[in-house]
file target.txt (compact mmCIF, C-alpha atoms)
# COMPACT_ATOMS: atom_id res chain seq x y z
CA MET V 628 189.55 75.42 96.46
CA ARG V 629 191.98 75.69 99.39
CA THR V 630 190.77 79.23 100.00
CA ILE V 631 187.16 78.05 100.22
CA GLN V 632 188.10 75.16 102.53
CA HIS V 633 190.10 77.52 104.73
CA ALA V 634 187.18 79.95 104.94
CA LEU V 635 184.80 77.12 105.89
CA ILE V 636 187.13 75.91 108.65
CA VAL V 637 187.47 79.42 110.06
CA LEU V 638 183.69 79.85 109.95
CA LEU V 639 183.16 76.58 111.82
CA LEU V 640 185.72 77.50 114.48
CA ILE V 641 184.07 80.87 115.00
CA SER V 642 180.59 79.36 115.11
CA PHE V 643 181.43 76.44 117.42
CA PRO V 644 181.36 78.37 120.73
CA ILE V 645 178.08 79.96 119.72
CA MET V 646 176.61 76.55 118.89
CA VAL V 647 177.71 75.18 122.26
CA ALA V 648 176.48 78.25 124.13
CA GLY V 649 173.14 78.06 122.36
CA LYS V 650 172.42 74.45 123.35
CA THR V 651 168.90 73.91 124.65
CA LEU V 652 168.47 72.10 127.97
CA VAL V 653 165.20 70.52 129.07
CA LEU V 654 164.16 71.45 132.62
CA ALA V 655 161.30 69.52 134.25
CA SER V 656 159.09 70.79 137.05
CA SER V 657 155.61 70.52 138.56
CA GLU V 658 152.97 73.16 139.30
CA GLY V 659 152.88 75.06 142.60
CA PRO V 660 152.74 78.88 142.51
CA PRO V 661 154.68 81.01 143.19
CA HIS V 662 157.55 78.51 143.20
CA THR V 663 156.65 76.84 139.90
CA ILE V 664 154.06 78.11 137.42
CA ASN V 665 152.99 76.58 134.12
CA SER V 666 152.12 79.97 132.66
CA GLY V 667 152.51 79.11 128.98
CA GLN V 668 154.34 82.42 128.63
CA GLY V 669 157.97 83.43 128.21
CA PHE V 670 161.06 83.69 130.38
CA GLY V 671 160.48 85.24 133.78
CA THR V 672 156.88 84.06 134.27
CA HIS V 673 157.32 80.53 135.58
CA GLY V 674 157.79 81.01 139.31
CA ILE V 675 160.67 81.54 141.72
CA ASP V 676 162.27 78.08 141.50
CA ILE V 677 162.12 77.86 137.72
CA ASP V 678 163.11 81.49 137.13
CA VAL V 679 166.20 81.12 139.33
CA ALA V 680 167.29 77.92 137.59
CA THR V 681 166.54 79.33 134.14
CA ALA V 682 168.30 82.64 134.81
CA VAL V 683 171.44 80.87 135.97
CA LEU V 684 171.43 78.47 133.00
CA ARG V 685 170.96 81.38 130.60
CA ARG V 686 173.97 83.10 132.19
CA MET V 687 175.90 79.94 131.39
CA GLY V 688 174.90 80.31 127.73
CA TYR V 689 172.09 77.75 127.52
CA GLU V 690 168.54 78.05 126.31
CA VAL V 691 165.93 76.29 128.44
CA LYS V 692 162.86 74.33 127.42
CA LEU V 693 160.34 73.57 130.17
CA GLU V 694 158.34 70.39 130.62
CA PHE V 695 155.74 70.10 133.39
CA MET V 696 155.03 66.79 135.11
CA GLY V 697 154.84 65.27 138.58
CA LEU V 698 158.06 65.47 140.59
CA LYS V 699 158.39 61.68 140.88
CA ARG V 700 158.19 61.35 137.12
CA ALA V 701 160.62 64.25 136.71
CA GLN V 702 163.16 62.45 138.90
CA ARG V 703 162.83 59.33 136.75
CA GLU V 704 163.21 61.36 133.54
CA VAL V 705 166.44 62.94 134.84
CA LEU V 706 167.83 59.55 135.89
CA LEU V 707 167.12 58.15 132.42
CA GLY V 708 168.63 61.22 130.73
CA ARG V 709 165.41 62.10 128.92
CA VAL V 710 165.47 65.55 130.52
CA ASP V 711 168.59 67.43 131.57
CA ALA V 712 167.42 68.75 134.95
CA MET V 713 164.50 69.15 137.33
CA THR V 714 163.48 71.56 140.07
CA PRO V 715 162.70 71.53 142.91
CA THR V 716 164.21 68.54 144.67
CA PHE V 717 164.37 68.23 148.46
CA SER V 718 166.86 66.38 150.68
CA ALA V 719 168.15 64.27 147.81
CA LYS V 720 171.66 62.86 147.54
CA ASP V 721 173.82 62.34 144.48
CA MET V 722 173.47 59.11 142.55
CA ALA V 723 174.51 58.08 139.07
CA GLY V 724 172.52 60.20 136.61
CA PHE V 725 171.02 62.38 139.35
CA TYR V 726 173.37 65.06 140.72
CA ILE V 727 172.09 67.63 143.20
CA SER V 728 173.03 71.30 142.99
CA SER V 729 173.77 73.63 145.86
CA PRO V 730 170.57 75.04 147.41
CA SER V 731 168.86 77.21 144.82
CA VAL V 732 165.66 78.30 146.60
CA GLU V 733 164.14 78.39 150.06
CA TYR V 734 160.78 77.20 151.38
CA LYS V 735 159.80 78.89 154.62
CA PRO V 736 156.73 77.61 156.52
CA THR V 737 155.51 80.58 158.55
CA ILE V 738 152.74 81.31 161.03
CA PHE V 739 150.94 84.57 160.20
CA SER V 740 148.68 86.66 162.41
CA LEU V 741 147.33 90.21 162.33
CA LYS V 742 149.68 92.58 164.12
CA GLU V 743 146.76 94.29 165.83
CA ASN V 744 145.99 91.07 167.72
CA GLN V 745 149.44 91.16 169.38
CA TYR V 746 149.84 87.39 169.49
CA ILE V 747 153.32 86.26 170.54
CA PRO V 748 153.47 82.45 170.29
CA GLN V 749 156.86 81.03 171.23
CA VAL V 750 156.23 77.43 170.19
CA LEU V 751 153.68 75.71 167.99
CA LEU V 752 151.60 74.45 170.89
CA ASP V 753 150.95 78.08 171.89
CA LEU V 754 148.49 78.12 168.97
CA GLN V 755 146.11 75.71 170.71
CA GLY V 756 142.82 77.33 171.65
CA HIS V 757 143.12 79.67 168.64
CA SER V 758 141.56 79.29 165.19
CA ILE V 759 144.08 78.07 162.60
CA VAL V 760 143.82 77.90 158.81
CA THR V 761 146.34 76.12 156.61
CA PHE V 762 146.74 74.21 153.35
CA GLN V 763 145.34 70.78 152.59
CA ASP V 764 147.21 67.80 154.10
CA ALA V 765 149.52 70.11 156.07
CA PRO V 766 150.14 67.63 158.94
CA GLY V 767 152.09 65.40 156.56
CA TYR V 768 154.77 68.08 156.26
CA PHE V 769 155.30 68.94 159.93
CA ASP V 770 156.03 67.37 163.31
CA ASP V 771 153.90 65.82 166.06
CA ASP V 772 153.10 69.17 167.66
CA PHE V 773 151.45 70.29 164.45
CA LEU V 774 149.57 67.00 164.22
CA TYR V 775 148.22 67.70 167.72
CA LEU V 776 146.98 71.13 166.58
CA ALA V 777 145.35 69.53 163.54
CA ASN V 778 143.10 67.55 165.85
CA THR V 779 141.89 70.57 167.82
CA GLN V 780 138.45 72.17 167.45
CA PHE V 781 139.38 75.35 165.58
CA TYR V 782 141.77 73.90 162.96
CA GLN V 783 140.79 74.14 159.27
CA GLU V 784 142.49 73.13 156.00
CA MET V 785 141.82 74.82 152.66
CA ALA V 786 142.23 73.24 149.25
CA ASP V 787 142.55 76.72 147.73
CA MET V 788 145.62 78.38 149.27
CA GLY V 789 144.84 81.61 147.43
CA ILE V 790 142.08 82.54 149.89
CA ILE V 791 144.14 82.02 153.07
CA PRO V 792 145.70 85.51 153.27
CA GLU V 793 142.29 87.15 152.91
CA LEU V 794 140.87 84.99 155.68
CA ILE V 795 143.52 86.41 158.00
CA VAL V 796 143.02 89.99 156.77
CA LYS V 797 139.28 89.70 157.48
CA GLY V 798 139.88 88.27 160.93
CA ARG V 799 138.19 84.95 160.19
CA TYR V 800 141.10 83.04 161.76
CA ASP V 801 143.73 83.92 164.35
CA PHE V 802 146.63 82.19 162.61
CA ALA V 803 147.54 81.00 159.12
CA VAL V 804 150.24 78.40 158.51
CA LEU V 805 151.65 78.70 155.01
CA ASP V 806 154.90 79.04 153.12
CA TYR V 807 156.14 82.64 153.41
CA TYR V 808 156.39 83.09 149.63
CA ILE V 809 153.03 81.48 148.87
CA PHE V 810 151.28 83.68 151.43
CA TYR V 811 152.66 86.95 150.06
CA TYR V 812 152.27 85.84 146.44
CA TYR V 813 148.52 85.49 146.86
CA TYR V 814 148.22 88.46 149.22
CA ARG V 815 149.88 90.70 146.61
CA LEU V 816 148.69 88.92 143.48
CA HIS V 817 146.94 91.98 142.05
CA ASP V 818 148.75 94.72 143.98
CA LYS V 819 152.50 94.34 144.53
CA GLN V 820 152.51 97.42 146.79
CA ARG V 821 149.97 96.02 149.25
CA ASN V 822 150.92 96.68 152.88
CA THR V 823 152.61 93.71 154.58
CA ALA V 824 153.18 95.54 157.87
CA ILE V 825 149.72 94.49 159.06
CA PHE V 826 151.04 90.97 159.71
CA ASP V 827 153.22 89.42 162.36
CA GLU V 828 155.33 86.53 161.09
CA HIS V 829 156.14 83.82 163.63
CA GLN V 830 159.01 81.56 162.54
CA LEU V 831 158.16 78.50 164.63
CA ILE V 832 158.82 75.94 161.88
CA ASP V 833 162.27 75.45 160.38
CA PRO V 834 162.72 76.52 156.75
CA VAL V 835 164.11 74.12 154.17
CA THR V 836 166.05 74.59 150.96
CA ALA V 837 165.49 72.97 147.59
CA SER V 838 167.87 72.34 144.71
CA VAL V 839 168.09 71.54 141.02
CA ALA V 840 168.94 67.96 140.02
CA PHE V 841 171.01 67.33 136.87
CA HIS V 842 171.65 64.22 134.79
CA ASP V 843 175.19 65.39 134.05
CA LYS V 844 177.62 65.95 136.92
CA ALA V 845 179.80 68.45 135.03
CA LEU V 846 176.75 70.56 134.21
CA ARG V 847 175.76 70.48 137.89
CA ASP V 848 179.22 71.68 138.91
CA GLU V 849 179.11 74.50 136.35
CA PHE V 850 175.64 75.47 137.58
CA ASN V 851 176.84 75.65 141.20
CA ARG V 852 179.55 78.15 140.29
CA ALA V 853 177.13 80.37 138.37
CA LEU V 854 174.49 80.06 141.11
CA ILE V 855 176.83 81.55 143.71
CA GLU V 856 177.35 84.62 141.55
CA PHE V 857 173.60 84.93 140.90
CA TYR V 858 172.98 85.26 144.63
CA ARG V 859 176.14 87.21 145.38
CA ASP V 860 175.25 90.02 142.97
CA GLY V 861 171.65 90.20 144.25
CA SER V 862 169.94 89.07 141.05
CA TYR V 863 167.67 86.79 143.07
CA LYS V 864 165.95 89.90 144.46
CA GLN V 865 164.57 90.67 141.01
CA VAL V 866 162.99 87.22 140.87
CA LEU V 867 161.37 87.59 144.30
CA ALA V 868 160.11 91.10 143.47
CA ARG V 869 158.54 89.81 140.25
CA TYR V 870 156.11 87.67 142.21
CA LEU V 871 156.01 89.24 145.67
CA GLY V 872 156.84 92.92 145.26
CA GLN V 873 159.41 94.86 147.27
CA GLY V 874 160.19 94.54 150.97
CA ILE V 875 160.27 90.74 151.12
CA LYS V 876 162.83 89.23 153.47
CA PRO V 877 165.87 87.54 151.90
CA PRO V 878 166.14 83.73 152.04
CA SER V 879 168.46 83.68 155.06
CA LEU V 880 168.93 79.90 155.36
CA LEU V 881 169.74 79.64 151.66
CA LEU V 882 172.27 82.47 151.83
CA GLU V 883 173.83 80.87 154.90
CA LYS V 884 174.20 77.52 153.12
CA LEU V 885 175.79 79.28 150.15
CA GLY V 886 178.19 81.09 152.51
CA LEU V 887 176.91 84.50 151.44
CA ASN V 888 175.32 85.97 154.58
CA VAL V 889 178.34 88.11 155.42
CA ALA V 890 178.67 89.49 151.89
CA ILE V 891 174.95 90.28 151.74
CA GLU V 892 175.01 92.10 155.08
CA LEU V 893 177.97 94.25 154.04
CA ASN V 894 176.07 95.49 150.98
CA GLU V 895 172.66 95.93 152.66
CA LYS V 896 172.95 99.65 153.49
CA LEU V 897 174.15 100.57 150.00
CA GLU V 898 171.31 98.59 148.42
CA ASP V 899 168.70 100.21 150.66
CA ASP V 900 169.87 103.64 149.54
CA ALA V 901 169.83 102.58 145.89
CA GLU V 902 166.34 101.05 146.06
CA SER V 903 164.86 104.35 147.21
CA LYS V 904 166.05 105.96 143.98
CA VAL V 905 165.13 103.23 141.49
CA THR V 906 161.77 103.06 139.75
CA THR V 907 160.83 99.51 138.84
CA GLU V 908 158.63 98.41 135.96
CA PRO V 909 155.21 97.11 136.99
CA CYS V 910 155.16 93.34 137.43
CA GLN V 911 153.13 91.20 135.06
CA GLU V 912 150.00 89.91 136.80
CA LEU V 913 149.73 86.12 136.86
CA GLU V 914 146.48 84.26 137.35
CA PRO V 915 146.43 82.02 140.43
CA VAL V 916 146.72 78.27 139.98
CA ASN V 917 146.42 76.36 143.25
CA LYS V 918 148.02 72.95 143.22
CA GLY V 919 149.20 72.66 146.82
CA TYR V 920 152.66 72.01 148.18
CA HIS V 921 154.95 69.74 146.20

call {"tool": "encode", "arguments": {"input": "target.txt", "output": "structure tokens"}}
result
Amino acid sequence: MRTIQHALIVLLLISFPIMVAGKTLVLASSEGPPHTINSGQGFGTHGIDIDVATAVLRRMGYEVKLEFMGLKRAQREVLLGRVDAMTPTFSAKDMAGFYISSPSVEYKPTIFSLKENQYIPQVLLDLQGHSIVTFQDAPGYFDDDFLYLANTQFYQEMADMGIIPELIVKGRYDFAVLDYYIFYYYYRLHDKQRNTAIFDEHQLIDPVTASVAFHDKALRDEFNRALIEFYRDGSYKQVLARYLGQGIKPPSLLLEKLGLNVAIELNEKLEDDAESKVTTEPCQELEPVNKGYH
């Protein structure tokens, strides 16, 4: 009998770390490709924000279950402890039951134009007199200068962000105002090798970072440590390439906030040499779902 009891105790001790490591966390998010995608498919198909959070949590030994809902509801669910975490969250501060991670992703509003047009705007108001296309309700996200442009004759908003890159390619508008990642996601949706050199990118609007919010402070702290390593070793590039293809600029503000710019720059030449020798698997094509900015 003692032998059986001893064997059971040993088995439980061996199994306990596995049971802890295999715990399933519930992560809430909304819909907004390519940052968050309710694809109904497996790991690595749910958008940049979710894939980063999920990849880091899996490194920590957790499984992740996704639940999609509005971001306001997601915040309430985290506060009440009914879900373990949510992404993205912007400009939020810690409170009891709602602990904010280090920046996990970057949103980068960008003005795009065709390179052949040789436009060189230095400030937003330089766009006046030109035709502008952007996403629905854009003025609510930007400053008074953008609001001024929104009231000019040649300004147009589109409910379907997926058509905006093609409108620029076809010369229908002089400028597009859209998140950098959203623009290239739709531009390269069916061809990840599509030429991006035809565009000029004018960074006249400041980028912002977003984070993951956790109900448990200790889990947030553990996530922050693993997140640093995820960006330090370059794993984030695989996530970006999955949705945008190769040649996409790194999230510079995010890397700066994580204190990793110097480390990234030191490795850049080695990585460039390596990329020229690596053959990547073709990316899975995802159908567009346009839900607007969060």

call {"tool": "residues_near_point", "arguments": {"input": "target.txt", "point": "(161.0, 77.1, 138.1)", "cutoff": "12 Å", "atoms": "only C-alpha atoms", "output": "PyMOL selection string"}}
result
chain V and resi 653-666+670-684+691-695+712-716+731-732+837-839+866

call {"tool": "atom_distance", "arguments": {"input": "target.txt", "atom1": "atom CA of Tyr870 of chain V", "atom2": "atom CA of Tyr813 of chain V"}}
result
9.2 Å

call {"tool": "atom_distance", "arguments": {"input": "target.txt", "atom1": "atom CA of Glu828 of chain V", "atom2": "atom CA of Leu867 of chain V"}}
result
17.9 Å

call {"tool": "atom_distance", "arguments": {"input": "target.txt", "atom1": "atom CA of Ser740 of chain V", "atom2": "atom CA of Gly756 of chain V"}}
result
14.4 Å

call {"tool": "residues_around", "arguments": {"input": "target.txt", "residues": "segment 850-862 of chain V", "least_positions_apart": "5", "cutoff": "8 Å", "atoms": "only C-alpha atoms", "output": "short mmCIF file (atom, residue, chain, number, x, y, z; two decimals) with C-alpha atoms, in the coordinates of the input"}}
result
data_model
loop_
_atom_site.label_atom_id
_atom_site.label_comp_id
_atom_site.auth_asym_id
_atom_site.auth_seq_id
_atom_site.Cartn_x
_atom_site.Cartn_y
_atom_site.Cartn_z
CA VAL V 683 171.44 80.87 135.97
CA LEU V 684 171.43 78.47 133.00
CA ARG V 686 173.97 83.10 132.19
CA MET V 687 175.90 79.94 131.39
CA SER V 728 173.03 71.30 142.99
CA SER V 729 173.77 73.63 145.86
CA SER V 731 168.86 77.21 144.82
CA LEU V 882 172.27 82.47 151.83
CA LEU V 885 175.79 79.28 150.15
CA LEU V 887 176.91 84.50 151.44
CA ALA V 890 178.67 89.49 151.89
CA ILE V 891 174.95 90.28 151.74
#

call {"tool": "axis_aligned_box", "arguments": {"input": "target.txt", "around": "segment 658-673 of chain V", "padding_each_side": "6 Å", "output": "AutoDock Vina command-line options"}}
result
--center_x 156.6 --center_y 79.2 --center_z 135.7 --size_x 20.9 --size_y 24.1 --size_z 27.0

call {"tool": "residues_around", "arguments": {"input": "target.txt", "residues": "Ile759 of chain V", "least_positions_apart": "5", "cutoff": "12 Å", "atoms": "only C-alpha atoms", "output": "PyMOL selection string"}}
result
chain V and resi 738-740+751-754+765+773+776-785+791+794-795+798-805

call {"tool": "write_last_selection", "arguments": {"input": "target.txt", "atoms": "C-alpha atoms", "output": "PDB file, keeping the file's coordinate frame"}}
result
ATOM      1  CA  ILE V 738     152.740  81.310 161.030  1.00  0.00           C
ATOM      2  CA  PHE V 739     150.940  84.570 160.200  1.00  0.00           C
ATOM      3  CA  SER V 740     148.680  86.660 162.410  1.00  0.00           C
ATOM      4  CA  LEU V 751     153.680  75.710 167.990  1.00  0.00           C
ATOM      5  CA  LEU V 752     151.600  74.450 170.890  1.00  0.00           C
ATOM      6  CA  ASP V 753     150.950  78.080 171.890  1.00  0.00           C
ATOM      7  CA  LEU V 754     148.490  78.120 168.970  1.00  0.00           C
ATOM      8  CA  ALA V 765     149.520  70.110 156.070  1.00  0.00           C
ATOM      9  CA  PHE V 773     151.450  70.290 164.450  1.00  0.00           C
ATOM     10  CA  LEU V 776     146.980  71.130 166.580  1.00  0.00           C
ATOM     11  CA  ALA V 777     145.350  69.530 163.540  1.00  0.00           C
ATOM     12  CA  ASN V 778     143.100  67.550 165.850  1.00  0.00           C
ATOM     13  CA  THR V 779     141.890  70.570 167.820  1.00  0.00           C
ATOM     14  CA  GLN V 780     138.450  72.170 167.450  1.00  0.00           C
ATOM     15  CA  PHE V 781     139.380  75.350 165.580  1.00  0.00           C
ATOM     16  CA  TYR V 782     141.770  73.900 162.960  1.00  0.00           C
ATOM     17  CA  GLN V 783     140.790  74.140 159.270  1.00  0.00           C
ATOM     18  CA  GLU V 784     142.490  73.130 156.000  1.00  0.00           C
ATOM     19  CA  MET V 785     141.820  74.820 152.660  1.00  0.00           C
ATOM     20  CA  ILE V 791     144.140  82.020 153.070  1.00  0.00           C
ATOM     21  CA  LEU V 794     140.870  84.990 155.680  1.00  0.00           C
ATOM     22  CA  ILE V 795     143.520  86.410 158.000  1.00  0.00           C
ATOM     23  CA  GLY V 798     139.880  88.270 160.930  1.00  0.00           C
ATOM     24  CA  ARG V 799     138.190  84.950 160.190  1.00  0.00           C
ATOM     25  CA  TYR V 800     141.100  83.040 161.760  1.00  0.00           C
ATOM     26  CA  ASP V 801     143.730  83.920 164.350  1.00  0.00           C
ATOM     27  CA  PHE V 802     146.630  82.190 162.610  1.00  0.00           C
ATOM     28  CA  ALA V 803     147.540  81.000 159.120  1.00  0.00           C
ATOM     29  CA  VAL V 804     150.240  78.400 158.510  1.00  0.00           C
ATOM     30  CA  LEU V 805     151.650  78.700 155.010  1.00  0.00           C
TER      31      LEU V 805
END

call {"tool": "residues_around", "arguments": {"input": "target.txt", "residues": "Pro878 of chain V", "least_positions_apart": "5", "cutoff": "10 Å", "atoms": "all atoms listed in the file", "output": "PyMOL selection string"}}
result
chain V and resi 732-735+834+836+863-864+867+883+888

call {"tool": "closest_residue", "arguments": {"input": "target.txt", "among": "V:Met722, V:Gln763, V:Gln668, V:Leu831", "to": "Leu707 of chain V", "atoms": "all atoms listed in the file"}}
result
V:Met722

call {"tool": "closest_residue", "arguments": {"input": "target.txt", "among": "V:Asp827, V:Asp721, V:Asp806, V:Glu793", "to": "Tyr746 of chain V", "atoms": "all atoms listed in the file"}}
result
V:Asp827

call {"tool": "closest_residue", "arguments": {"input": "target.txt", "among": "V:Asp818, V:Thr823, V:Gly688, V:Pro766", "to": "Leu652 of chain V", "atoms": "all atoms listed in the file"}}
result
V:Gly688

call {"tool": "closest_residue", "arguments": {"input": "target.txt", "among": "V:Ile790, V:Ala868, V:Val750, V:Ile727", "to": "Asp833 of chain V", "atoms": "all atoms listed in the file"}}
result
V:Val750
